[in-house]
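Undergrad: Next up is a structure, given as structure tokens.
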Amino acid sequence: MTSASEAAHAPPAPLRVVTFDILRGIAIAVMVFLHNGAFHLADATAVIADPPPWLIAFGFLLLWAGLFGVVSGAANAATTVRRLQGEAAAGPRPWRHPPGLLGGALQTFAIVFALHWVWTLGVGNSPVTADPNDPAGRMTIVPGWMFYGFPPAPHPESYVFASALWMIAANVLVVSLALRLHYRASPPHAGDRLRRHLVLLAIAILVATPLLRALLYPPMAALVEAGGFGIVLAVPLALLVNDPNPVFPFAAYGLVGAVIGASMARGESRSGLYRALGAGGFVLLAAGVAGLAAAGGFVIADREAIWGQSPLYFSALAYLLLGLFCWLTSGLLAVFDPPIEAARIPWRPRWLRPLVRFGRLSLTVFLLEGIVAMGLRLGLDAAAPNWNQSVASVLAFAAGNLLFWHLALSCWERIDYRGSLEWALARLRRNDDRARALARG
């Protein structure tokens, strides 16, 4: 049983927005397909050294991991604002920002940041090459152990890889700090200019991105090249500006998501939100197109030529994608999560269900898909040793991985995803919230 005091101070139930699940589902399903459609070719070394246009297109689409930044910012802001509204309604006077909120954000940051290293060094999907010391390879420990029979040493560049998990961890911290500072003196209320402050901070990050990329990327690359302790010194710089999902510019993705989540939690006009996303998306798309044109157009080349040294090109791609995500998010919200005042039943077609499952277990899939893919790859290697000689066969393998996860998630749903990372983290959050409520009486 729950006491009246606990019920009064417990945070409201999380706001389940199907659009957020769809966006996560799109990002994780595309990632599974692209990883396994590019990493398991028989001659991966040659493909990586001289990538064909289709592989470069895969690399571009992998930047859609930025959707995780938008969604994590939106979910974090929605939960936090609703919690603050509940505290303002039942809490003491004068206003005091709940100290547990920032502590919870720091805990989440620490967990996801630790998972970043688990994925980057230990379990992440990566190109498969015959030579464990191939400088073009990035085999992580567990899949490498499965493939070679012994754990390979992590590639030096793995330590400075800014993964999507790092982006999520950083966005949890940035959005939580922004909300903490904004509401340090007063609770949420109409006209409190939260949206304006979040947008201004996002603009500052986007504008700073090419400048910081130009200043910090060369010394970071030099430290990595030096090796040894230089790599340790390079890590903080890499998390700020290195490929593919650094703080600059992807913290801005989280802040744009926070605008969406906070607006929905506060019950603000959905038409006003759509106009803001439409106008902001147009500006970002225009800036991205202009930046790409100034940089010489879209590049079909190897990794270094695309991502490595051009601050303008990297930033322009980031602006372009964020603009697309603004439009995509507003469109999906209008279709799948209309406001209550619209008096319209949300559209929930049956074909949407598999994508929602991917979205709800995106963290679990993200961490395990490399191990699963290697297990499936080894089974095929034993049954048909030359199965991966053609692009078509490897793309079929990628589709098979998607089918495997679709079936696994369908079965997992029947037991409410017990044992998944999302299930474990939700239990941890509930236990923390219950402990805080009881401590306050």
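If you're wondering about the labels, chains in the structure tokens are A, B, ... by order shown, residues count from 1 in each chain, ligands from 1 in order shown.
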Set out as CSV a contact list for range 225-268 of chain A and range 141-160 of chain A with a cut-off of 10 Å, giving each residue of range 225-268 of chain A that qualifies its closest atom pair and distance in Å to one decimal, counting only C-alpha atoms, ordered by chain and rising residue number.

TA:
residue,atom,partner,partner_atom,distance
A:Glu225,CA,A:Pro156,CA,8.8
A:Gly227,CA,A:Pro156,CA,7.4
A:Gly228,CA,A:Pro156,CA,8.9
A:Ile231,CA,A:Tyr159,CA,7.3
A:Val232,CA,A:Tyr159,CA,8.1
A:Leu233,CA,A:Val160,CA,9.9
A:Ala234,CA,A:Val160,CA,6.9
A:Val235,CA,A:Val160,CA,5.2
A:Pro236,CA,A:Val160,CA,8.3
A:Leu237,CA,A:Val160,CA,8.4
A:Ala238,CA,A:Val160,CA,5.3
A:Leu239,CA,A:Val160,CA,7.0
A:Val241,CA,A:Val160,CA,9.9
A:Asn242,CA,A:Val160,CA,7.2
A:Asp243,CA,A:Val160,CA,8.5

Undergrad: Find the residues near Leu201 in chain A: any atom within 12 Å, counting only C-alpha atoms, skip ones fewer than 2 places away on the same chain, and give them as a ChimeraX atom specification.

TA: /A:174-175,177-179,182,194-199,203-208,248-249,251-256,258-259

Undergrad: Taking only C-alpha atoms into account, which of A:Ala105, A:Leu355, A:Ile260, A:Ala42 comes nearest Ala130 in chain A?

TA: A:Ala42

Undergrad: For Gly37 in chain A, list every protein, DNA or RNA residue within 8 Å, evaluated using only C-alpha atoms, and leave out those in the same chain fewer than 3 positions away; present the list as a list of chain:residue names.

TA: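 Counting only the stated atoms, we get A:Phe33, A:Leu34, A:His40, A:Leu41, A:Val391, A:Val394, A:Leu395, A:Ala396, A:Phe397, A:Ala398.
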
Undergrad: Residues as selected, C-alpha atoms, written as a short mmCIF file (atom, residue, chain, number, x, y, z; two decimals), in the first residue's frame, can you do that?

TA:
data_model
loop_
_atom_site.label_atom_id
_atom_site.label_comp_id
_atom_site.auth_asym_id
_atom_site.auth_seq_id
_atom_site.Cartn_x
_atom_site.Cartn_y
_atom_site.Cartn_z
CA PHE A 33 20.31 -2.76 -40.83
CA LEU A 34 23.14 -0.40 -41.77
CA HIS A 40 30.16 -8.26 -42.60
CA LEU A 41 31.37 -8.23 -46.20
CA VAL A 391 26.65 -6.98 -51.39
CA VAL A 394 25.16 -9.13 -46.87
CA LEU A 395 22.11 -6.89 -47.24
CA ALA A 396 19.99 -10.04 -46.90
CA PHE A 397 21.95 -10.82 -43.73
CA ALA A 398 21.13 -7.33 -42.45
#

Undergrad: As a ChimeraX atom specification, please: the residues near Ala286 in chain A (cut-off 9 Å, only C-alpha atoms, same-chain neighbours under 4 positions excluded).

TA: /A:281-282,290-291,319-320,323

Undergrad: Could those residues be written to a file, using N, CA and C atoms, as a PDB file, in the first residue's frame?

TA:
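Heads up, here's the output in result_30.pdb:
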ATOM      1  N   GLY A 281      13.037  24.362 -38.356  1.00  0.00           N
ATOM      2  CA  GLY A 281      13.522  23.369 -39.306  1.00  0.00           C
ATOM      3  C   GLY A 281      13.902  23.970 -40.633  1.00  0.00           C
ATOM      4  N   PHE A 282      13.107  24.946 -41.107  1.00  0.00           N
ATOM      5  CA  PHE A 282      13.430  25.603 -42.381  1.00  0.00           C
ATOM      6  C   PHE A 282      14.763  26.346 -42.295  1.00  0.00           C
ATOM      7  N   ALA A 290      23.286  25.635 -47.410  1.00  0.00           N
ATOM      8  CA  ALA A 290      24.267  26.676 -47.712  1.00  0.00           C
ATOM      9  C   ALA A 290      25.671  26.246 -47.293  1.00  0.00           C
ATOM     10  N   GLY A 291      25.772  25.618 -46.103  1.00  0.00           N
ATOM     11  CA  GLY A 291      27.081  25.169 -45.640  1.00  0.00           C
ATOM     12  C   GLY A 291      27.666  24.090 -46.520  1.00  0.00           C
ATOM     13  N   TYR A 319      23.370  20.628 -39.043  1.00  0.00           N
ATOM     14  CA  TYR A 319      22.244  21.566 -39.173  1.00  0.00           C
ATOM     15  C   TYR A 319      21.153  20.962 -40.053  1.00  0.00           C
ATOM     16  N   LEU A 320      21.575  20.385 -41.184  1.00  0.00           N
ATOM     17  CA  LEU A 320      20.626  19.803 -42.126  1.00  0.00           C
ATOM     18  C   LEU A 320      19.792  18.713 -41.457  1.00  0.00           C
ATOM     19  N   GLY A 323      17.319  20.037 -38.861  1.00  0.00           N
ATOM     20  CA  GLY A 323      16.163  20.613 -39.549  1.00  0.00           C
ATOM     21  C   GLY A 323      15.187  19.540 -40.001  1.00  0.00           C
TER      22      GLY A 323
END

Undergrad: Can you check which residues of range 244-280 of chain A DSSP gives as alpha helix (DSSP H) on the backbone and send them as a PyMOL selection string?

TA: chain A and resi 247-265+270-280

Undergrad: Could you list, as a compact mmCIF listing (two decimals) with N, CA and C atoms, in the first residue's frame, every residue within 7 Å of range 261-263 of chain A, counting only C-alpha atoms and ignoring same-chain residues fewer than 5 positions away?

TA:
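This is the output file part_33.txt:
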# COMPACT_ATOMS: atom_id res chain seq x y z
N ALA A 74 13.59 15.33 -25.19
CA ALA A 74 12.15 15.51 -25.03
C ALA A 74 11.62 14.73 -23.84
N ALA A 75 12.02 13.47 -23.71
CA ALA A 75 11.52 12.65 -22.60
C ALA A 75 12.02 13.19 -21.26
N ALA A 77 12.91 16.32 -20.49
CA ALA A 77 12.25 17.58 -20.17
C ALA A 77 10.80 17.36 -19.77
N ALA A 78 10.09 16.47 -20.47
CA ALA A 78 8.68 16.22 -20.14
C ALA A 78 8.55 15.67 -18.73
N VAL A 81 9.61 18.52 -16.09
CA VAL A 81 8.64 19.60 -15.95
C VAL A 81 7.39 19.11 -15.22
N GLU A 268 0.95 23.34 -23.63
CA GLU A 268 0.95 24.54 -24.47
C GLU A 268 0.33 24.26 -25.83
